[in-house]
Amino acid sequence: TFPWSSIPATTDYNVGIASTQSTVSEGGAYIGLPISAASITTGQLLWEKTFTDITQYSGNCNNADHGKIAVLTEQGTIKAWNLADGSAAWTSEPLEYPWDEPGFGAYAIHSAYGKLIRPAYSGIYAYNWNDGSLAWKYELPAEFPYETPYIDEDGNTVYSWNVGGTIADGKLYIYNTEHSATVPITRGWKMNAIDIETGKLVWDVMIAGGSSKHTTDVGPVADGYLTMAASD
């Protein structure tokens, strides 16, 4: 038997351990974070803990890999625990104020090439799985300063991000958009190919994400080609 009805997305198949995360609410407010882990080999429940000092931003922003479960918190950090016993592994530095600190950004997170990659609102963060240190942050400075209201921690105008990307060939392919994009689409938004090792831009094209009237999806990647579908 298995303690849950299905194997969750937050499962590290390399170590054979799955994890679930949920919320505790009171009066309409989230007040806690229960986490549990179970072996997918034996079905045994390994541990259960509830943390009352943090809450998760979204279950879609959590990831299990490298023997850890990492959770994006509403308190502005990413926290990781060891899947084997639930012991604390690391806590990242807070994401930058004002847009990223509350966890705001895409309902997505990625794990590849030893890094945990978080598309936040003002930029994309890559953390080292081993210790939670920040490997790099990628920002796209605005070409038209009055076209967008979004700024980074230093007050520089930047383009926003609000979707997950696709990873292949050592690169993250991801486009600019915002939570509720308006039409006409913000000038300067692009599809970006970012080197995962360095966090540097490899190339970009002037194709952006957007609202229901203008969408761009990163499709399959194979045989050296990246496919995209766009409609106006």
# chains A, B, ... in the order shown; residues from 1 in each chain; ligands from 1
call {"tool": "residues_around", "arguments": {"residues": "Thr227 (chain A)", "least_positions_apart": "2", "cutoff": "12 Å", "atoms": "only C-alpha atoms", "output": "list in words"}}
result
Thr166, Tyr173, Met191, Thr216, Asp217, Val218, Gly219, Pro220, Val221, Ala222, Asp223, Gly224, Tyr225, Ala229 and Ala230 of chain A
call {"tool": "select_by_dssp", "arguments": {"residues": "region 20-148 of chain A", "states": "strand (DSSP E or B)", "output": "ChimeraX atom specification"}}
result
/A:20-21,24-26,29-39,45-51,56,63-65,68-73,78-82,88-91,105,110-112,115-120,124-128,134-138,141
call {"tool": "residues_around", "arguments": {"residues": "region 70-80 of chain A", "least_positions_apart": "6", "cutoff": "6 Å", "atoms": "only C-alpha atoms", "output": "NGL selection string"}}
result
:A and (55-57 or 61-63 or 89-92 or 94-95 or 101-103)
call {"tool": "write_last_selection", "arguments": {"atoms": "all heavy atoms", "output": "compact mmCIF listing (two decimals), in the first residue's frame"}}
result
# COMPACT_ATOMS: atom_id res chain seq x y z
N THR A 55 4.62 29.49 4.96
CA THR A 55 3.57 28.95 4.11
C THR A 55 4.11 28.87 2.68
O THR A 55 5.04 29.59 2.33
CB THR A 55 2.31 29.84 4.13
OG1 THR A 55 2.68 31.20 3.86
CG2 THR A 55 1.62 29.76 5.49
N GLN A 56 3.53 28.00 1.88
CA GLN A 56 4.02 27.85 0.51
C GLN A 56 3.30 28.83 -0.41
O GLN A 56 2.15 29.20 -0.20
CB GLN A 56 3.82 26.43 0.02
CG GLN A 56 2.39 25.99 -0.13
CD GLN A 56 2.26 24.60 -0.70
OE1 GLN A 56 3.22 24.00 -1.21
NE2 GLN A 56 1.06 24.03 -0.65
N TYR A 57 4.00 29.25 -1.47
CA TYR A 57 3.40 30.14 -2.47
C TYR A 57 2.42 29.36 -3.34
O TYR A 57 1.27 29.75 -3.50
CB TYR A 57 4.50 30.77 -3.32
CG TYR A 57 3.95 31.65 -4.43
CD1 TYR A 57 3.39 32.88 -4.15
CD2 TYR A 57 4.00 31.23 -5.76
CE1 TYR A 57 2.88 33.67 -5.15
CE2 TYR A 57 3.49 32.02 -6.77
CZ TYR A 57 2.94 33.24 -6.46
OH TYR A 57 2.42 34.03 -7.47
N CYS A 61 5.19 25.39 -7.52
CA CYS A 61 6.52 26.01 -7.42
C CYS A 61 7.45 25.22 -6.50
O CYS A 61 8.49 25.73 -6.09
CB CYS A 61 6.40 27.45 -6.95
SG CYS A 61 5.37 28.47 -8.00
N ASN A 62 7.07 23.99 -6.16
CA ASN A 62 7.91 23.13 -5.34
C ASN A 62 8.54 22.05 -6.22
O ASN A 62 7.99 21.70 -7.27
CB ASN A 62 7.08 22.46 -4.23
CG ASN A 62 6.39 23.49 -3.35
OD1 ASN A 62 6.81 24.64 -3.28
ND2 ASN A 62 5.32 23.09 -2.69
N ASN A 63 9.69 21.53 -5.79
CA ASN A 63 10.39 20.57 -6.63
C ASN A 63 11.19 19.60 -5.76
O ASN A 63 11.79 20.00 -4.77
CB ASN A 63 11.34 21.30 -7.59
CG ASN A 63 11.85 20.39 -8.69
OD1 ASN A 63 12.73 19.57 -8.47
ND2 ASN A 63 11.30 20.56 -9.88
N ALA A 89 17.85 21.26 5.02
CA ALA A 89 19.02 21.22 4.13
C ALA A 89 19.59 22.61 3.93
O ALA A 89 20.77 22.85 4.14
CB ALA A 89 18.65 20.58 2.80
N TRP A 90 18.74 23.56 3.51
CA TRP A 90 19.20 24.94 3.32
C TRP A 90 18.01 25.88 3.14
O TRP A 90 16.89 25.44 2.87
CB TRP A 90 20.15 25.08 2.14
CG TRP A 90 19.75 24.44 0.84
CD1 TRP A 90 20.19 23.24 0.34
CD2 TRP A 90 18.83 24.95 -0.15
NE1 TRP A 90 19.61 22.97 -0.88
CE2 TRP A 90 18.78 24.02 -1.22
CE3 TRP A 90 18.07 26.11 -0.26
CZ2 TRP A 90 17.99 24.19 -2.35
CZ3 TRP A 90 17.26 26.30 -1.38
CH2 TRP A 90 17.24 25.36 -2.41
N THR A 91 18.29 27.17 3.31
CA THR A 91 17.33 28.23 3.04
C THR A 91 18.02 29.26 2.18
O THR A 91 19.12 29.72 2.50
CB THR A 91 16.83 28.90 4.34
OG1 THR A 91 16.19 27.92 5.16
CG2 THR A 91 15.84 30.03 4.03
N SER A 92 17.39 29.64 1.07
CA SER A 92 18.00 30.61 0.17
C SER A 92 17.93 32.01 0.77
O SER A 92 17.18 32.27 1.72
CB SER A 92 17.27 30.61 -1.17
OG SER A 92 15.99 31.22 -1.05
N PRO A 94 16.58 35.81 0.61
CA PRO A 94 15.28 36.27 0.12
C PRO A 94 15.35 36.73 -1.33
O PRO A 94 16.35 37.31 -1.77
CB PRO A 94 14.96 37.46 1.05
CG PRO A 94 15.77 37.21 2.28
CD PRO A 94 17.03 36.55 1.81
N LEU A 95 14.30 36.44 -2.07
CA LEU A 95 14.19 36.97 -3.42
C LEU A 95 14.08 38.49 -3.35
O LEU A 95 13.68 39.04 -2.32
CB LEU A 95 12.99 36.37 -4.14
CG LEU A 95 13.16 34.95 -4.70
CD1 LEU A 95 13.18 33.92 -3.59
CD2 LEU A 95 12.04 34.62 -5.67
N GLU A 101 9.96 39.19 -3.80
CA GLU A 101 10.06 38.82 -2.39
C GLU A 101 8.87 38.03 -1.87
O GLU A 101 9.05 37.07 -1.10
CB GLU A 101 10.26 40.08 -1.53
CG GLU A 101 10.56 39.77 -0.08
CD GLU A 101 10.81 41.04 0.72
OE1 GLU A 101 10.11 42.04 0.46
OE2 GLU A 101 11.67 41.03 1.61
N PRO A 102 7.63 38.34 -2.25
CA PRO A 102 6.51 37.54 -1.74
C PRO A 102 6.32 36.22 -2.46
O PRO A 102 5.34 35.52 -2.22
CB PRO A 102 5.31 38.47 -1.95
CG PRO A 102 5.68 39.30 -3.13
CD PRO A 102 7.16 39.52 -3.01
N GLY A 103 7.24 35.86 -3.36
CA GLY A 103 7.12 34.62 -4.11
C GLY A 103 6.44 34.80 -5.45
O GLY A 103 6.26 33.83 -6.19
call {"tool": "residues_around", "arguments": {"residues": "Pro98 (chain A)", "least_positions_apart": "4", "cutoff": "8 Å", "atoms": "only C-alpha atoms", "output": "PyMOL selection string"}}
result
chain A and resi 151-153
call {"tool": "residues_around", "arguments": {"residues": "Ile196 (chain A)", "least_positions_apart": "2", "cutoff": "7 Å", "atoms": "only C-alpha atoms", "output": "number ranges by chain"}}
result
A: 170-172, 194, 198-199
call {"tool": "closest_residue", "arguments": {"among": "A:Asn156, A:Ser111, A:Ser58, A:Thr20", "to": "Gly86 (chain A)", "atoms": "only C-alpha atoms"}}
result
A:Thr20
call {"tool": "closest_residue", "arguments": {"among": "A:Phe2, A:Phe144, A:Trp81, A:Trp161", "to": "Phe104 (chain A)", "atoms": "only C-alpha atoms"}}
result
A:Trp161
call {"tool": "atom_distance", "arguments": {"atom1": "CA of Ser5 (chain A)", "atom2": "CA of Thr23 (chain A)"}}
result
18.0 Å
call {"tool": "closest_residue", "arguments": {"among": "A:Thr186, A:Asn14, A:Asn60, A:Ser19", "to": "Gln44 (chain A)", "atoms": "only C-alpha atoms"}}
result
A:Ser19
call {"tool": "residues_around", "arguments": {"residues": "Thr148 (chain A)", "least_positions_apart": "5", "cutoff": "8 Å", "atoms": "only C-alpha atoms", "output": "PyMOL selection string"}}
result
chain A and resi 142+157-159+186
call {"tool": "write_last_selection", "arguments": {"atoms": "C-alpha atoms", "output": "mmCIF file, in the first residue's frame"}}
result
data_model
loop_
_atom_site.group_PDB
_atom_site.id
_atom_site.type_symbol
_atom_site.label_atom_id
_atom_site.label_comp_id
_atom_site.auth_asym_id
_atom_site.auth_seq_id
_atom_site.Cartn_x
_atom_site.Cartn_y
_atom_site.Cartn_z
ATOM 1 C CA ALA A 142 13.598 47.443 -20.541
ATOM 2 C CA THR A 157 13.188 49.137 -15.178
ATOM 3 C CA VAL A 158 12.964 45.505 -16.308
ATOM 4 C CA TYR A 159 10.592 43.319 -18.289
ATOM 5 C CA THR A 186 4.448 45.499 -24.210
#
call {"tool": "closest_atom_pairs", "arguments": {"of": "region 67-129 of chain A", "to": "region 26-40 of chain A", "cutoff": "9 Å", "atoms": "only C-alpha atoms", "output": "JSON lines"}}
result
{"residue": "A:Leu83", "atom": "CA", "partner": "A:Ala37", "partner_atom": "CA", "distance": 6.5}
{"residue": "A:Ala84", "atom": "CA", "partner": "A:Ala37", "partner_atom": "CA", "distance": 7.8}
{"residue": "A:Asp85", "atom": "CA", "partner": "A:Ala37", "partner_atom": "CA", "distance": 8.4}
{"residue": "A:Gly86", "atom": "CA", "partner": "A:Ala37", "partner_atom": "CA", "distance": 7.9}
call {"tool": "write_last_selection", "arguments": {"atoms": "all heavy atoms", "output": "PDB file, in the first residue's frame"}}
result
ATOM      1  N   LEU A  83      14.965  14.608   1.875  1.00  0.00           N
ATOM      2  CA  LEU A  83      13.836  13.707   1.724  1.00  0.00           C
ATOM      3  C   LEU A  83      13.938  12.484   2.627  1.00  0.00           C
ATOM      4  O   LEU A  83      12.922  11.923   3.040  1.00  0.00           O
ATOM      5  CB  LEU A  83      13.723  13.261   0.260  1.00  0.00           C
ATOM      6  CG  LEU A  83      13.119  14.281  -0.710  1.00  0.00           C
ATOM      7  CD1 LEU A  83      13.347  13.838  -2.144  1.00  0.00           C
ATOM      8  CD2 LEU A  83      11.638  14.474  -0.434  1.00  0.00           C
ATOM      9  N   ALA A  84      15.138  12.060   2.948  1.00  0.00           N
ATOM     10  CA  ALA A  84      15.304  10.824   3.714  1.00  0.00           C
ATOM     11  C   ALA A  84      14.753  10.936   5.126  1.00  0.00           C
ATOM     12  O   ALA A  84      14.125   9.996   5.634  1.00  0.00           O
ATOM     13  CB  ALA A  84      16.783  10.437   3.756  1.00  0.00           C
ATOM     14  N   ASP A  85      14.960  12.109   5.763  1.00  0.00           N
ATOM     15  CA  ASP A  85      14.570  12.215   7.178  1.00  0.00           C
ATOM     16  C   ASP A  85      13.872  13.527   7.543  1.00  0.00           C
ATOM     17  O   ASP A  85      13.509  13.725   8.705  1.00  0.00           O
ATOM     18  CB  ASP A  85      15.791  12.035   8.078  1.00  0.00           C
ATOM     19  CG  ASP A  85      16.916  13.017   7.761  1.00  0.00           C
ATOM     20  OD1 ASP A  85      16.677  14.001   7.014  1.00  0.00           O
ATOM     21  OD2 ASP A  85      18.039  12.804   8.259  1.00  0.00           O
ATOM     22  N   GLY A  86      13.703  14.438   6.601  1.00  0.00           N
ATOM     23  CA  GLY A  86      13.018  15.685   6.892  1.00  0.00           C
ATOM     24  C   GLY A  86      13.868  16.736   7.563  1.00  0.00           C
ATOM     25  O   GLY A  86      13.357  17.793   7.966  1.00  0.00           O
TER      26      GLY A  86
END
call {"tool": "closest_residue", "arguments": {"among": "A:Lys49, A:Lys115, A:Lys68, A:Arg187", "to": "Asp12 (chain A)", "atoms": "only C-alpha atoms"}}
result
A:Lys68
call {"tool": "residues_around", "arguments": {"residues": "Ser160 (chain A)", "least_positions_apart": "2", "cutoff": "12 Å", "atoms": "only C-alpha atoms", "output": "PyMOL selection string"}}
result
chain A and resi 99-100+104-106+119-124+138-142+147-152+157-158+162-163+174-181+186-190+208-210
call {"tool": "atom_distance", "arguments": {"atom1": "CA of Thr52 (chain A)", "atom2": "CA of Ser87 (chain A)"}}
result
15.7 Å
call {"tool": "closest_residue", "arguments": {"among": "A:Ser22, A:Gly59, A:Ile17, A:Ala168", "to": "Leu46 (chain A)", "atoms": "only C-alpha atoms"}}
result
A:Ile17
call {"tool": "decode", "arguments": {"residues": "region 138-153 of chain A", "atoms": "N, CA, C and O atoms", "output": "PDB file, in the first residue's frame"}}
result
ATOM      1  N   TYR A 138      18.924  36.278 -13.853  1.00  0.00           N
ATOM      2  CA  TYR A 138      18.842  36.862 -15.193  1.00  0.00           C
ATOM      3  C   TYR A 138      17.722  37.889 -15.233  1.00  0.00           C
ATOM      4  O   TYR A 138      16.580  37.605 -14.850  1.00  0.00           O
ATOM      5  N   GLU A 139      18.046  39.099 -15.676  1.00  0.00           N
ATOM      6  CA  GLU A 139      17.072  40.159 -15.869  1.00  0.00           C
ATOM      7  C   GLU A 139      17.161  40.647 -17.311  1.00  0.00           C
ATOM      8  O   GLU A 139      18.225  40.579 -17.930  1.00  0.00           O
ATOM      9  N   LEU A 140      16.042  41.137 -17.825  1.00  0.00           N
ATOM     10  CA  LEU A 140      16.039  41.743 -19.151  1.00  0.00           C
ATOM     11  C   LEU A 140      15.686  43.216 -18.991  1.00  0.00           C
ATOM     12  O   LEU A 140      14.524  43.571 -18.777  1.00  0.00           O
ATOM     13  N   PRO A 141      16.691  44.116 -19.051  1.00  0.00           N
ATOM     14  CA  PRO A 141      16.423  45.555 -18.904  1.00  0.00           C
ATOM     15  C   PRO A 141      15.466  46.039 -19.985  1.00  0.00           C
ATOM     16  O   PRO A 141      15.540  45.620 -21.143  1.00  0.00           O
ATOM     17  N   ALA A 142      14.583  46.931 -19.595  1.00  0.00           N
ATOM     18  CA  ALA A 142      13.598  47.443 -20.541  1.00  0.00           C
ATOM     19  C   ALA A 142      14.248  48.380 -21.548  1.00  0.00           C
ATOM     20  O   ALA A 142      15.016  49.271 -21.181  1.00  0.00           O
ATOM     21  N   GLU A 143      13.936  48.177 -22.814  1.00  0.00           N
ATOM     22  CA  GLU A 143      14.430  49.062 -23.866  1.00  0.00           C
ATOM     23  C   GLU A 143      13.639  50.361 -23.893  1.00  0.00           C
ATOM     24  O   GLU A 143      14.138  51.390 -24.360  1.00  0.00           O
ATOM     25  N   PHE A 144      12.412  50.298 -23.396  1.00  0.00           N
ATOM     26  CA  PHE A 144      11.530  51.463 -23.370  1.00  0.00           C
ATOM     27  C   PHE A 144      11.116  51.684 -21.916  1.00  0.00           C
ATOM     28  O   PHE A 144      10.162  51.052 -21.443  1.00  0.00           O
ATOM     29  N   PRO A 145      11.822  52.536 -21.175  1.00  0.00           N
ATOM     30  CA  PRO A 145      11.638  52.651 -19.725  1.00  0.00           C
ATOM     31  C   PRO A 145      10.214  52.952 -19.280  1.00  0.00           C
ATOM     32  O   PRO A 145       9.814  52.567 -18.188  1.00  0.00           O
ATOM     33  N   TYR A 146       9.441  53.651 -20.107  1.00  0.00           N
ATOM     34  CA  TYR A 146       8.093  54.004 -19.687  1.00  0.00           C
ATOM     35  C   TYR A 146       7.050  53.017 -20.195  1.00  0.00           C
ATOM     36  O   TYR A 146       5.851  53.251 -20.067  1.00  0.00           O
ATOM     37  N   GLU A 147       7.523  51.931 -20.762  1.00  0.00           N
ATOM     38  CA  GLU A 147       6.619  50.920 -21.306  1.00  0.00           C
ATOM     39  C   GLU A 147       6.170  49.945 -20.233  1.00  0.00           C
ATOM     40  O   GLU A 147       5.150  49.276 -20.377  1.00  0.00           O
ATOM     41  N   THR A 148       6.924  49.823 -19.167  1.00  0.00           N
ATOM     42  CA  THR A 148       6.632  48.843 -18.127  1.00  0.00           C
ATOM     43  C   THR A 148       6.848  49.458 -16.746  1.00  0.00           C
ATOM     44  O   THR A 148       7.769  50.256 -16.557  1.00  0.00           O
ATOM     45  N   PRO A 149       6.030  49.112 -15.761  1.00  0.00           N
ATOM     46  CA  PRO A 149       6.190  49.657 -14.417  1.00  0.00           C
ATOM     47  C   PRO A 149       7.106  48.835 -13.515  1.00  0.00           C
ATOM     48  O   PRO A 149       7.331  49.200 -12.363  1.00  0.00           O
ATOM     49  N   TYR A 150       7.654  47.744 -14.024  1.00  0.00           N
ATOM     50  CA  TYR A 150       8.374  46.816 -13.160  1.00  0.00           C
ATOM     51  C   TYR A 150       9.834  47.218 -12.987  1.00  0.00           C
ATOM     52  O   TYR A 150      10.500  47.604 -13.940  1.00  0.00           O
ATOM     53  N   ILE A 151      10.307  47.105 -11.765  1.00  0.00           N
ATOM     54  CA  ILE A 151      11.681  47.483 -11.432  1.00  0.00           C
ATOM     55  C   ILE A 151      12.347  46.374 -10.629  1.00  0.00           C
ATOM     56  O   ILE A 151      11.678  45.545 -10.022  1.00  0.00           O
ATOM     57  N   ASP A 152      13.676  46.390 -10.646  1.00  0.00           N
ATOM     58  CA  ASP A 152      14.402  45.459  -9.801  1.00  0.00           C
ATOM     59  C   ASP A 152      14.741  46.127  -8.471  1.00  0.00           C
ATOM     60  O   ASP A 152      14.289  47.239  -8.179  1.00  0.00           O
ATOM     61  N   GLU A 153      15.570  45.472  -7.667  1.00  0.00           N
ATOM     62  CA  GLU A 153      15.879  45.967  -6.330  1.00  0.00           C
ATOM     63  C   GLU A 153      16.612  47.305  -6.364  1.00  0.00           C
ATOM     64  O   GLU A 153      16.526  48.108  -5.427  1.00  0.00           O
TER      65      GLU A 153
END
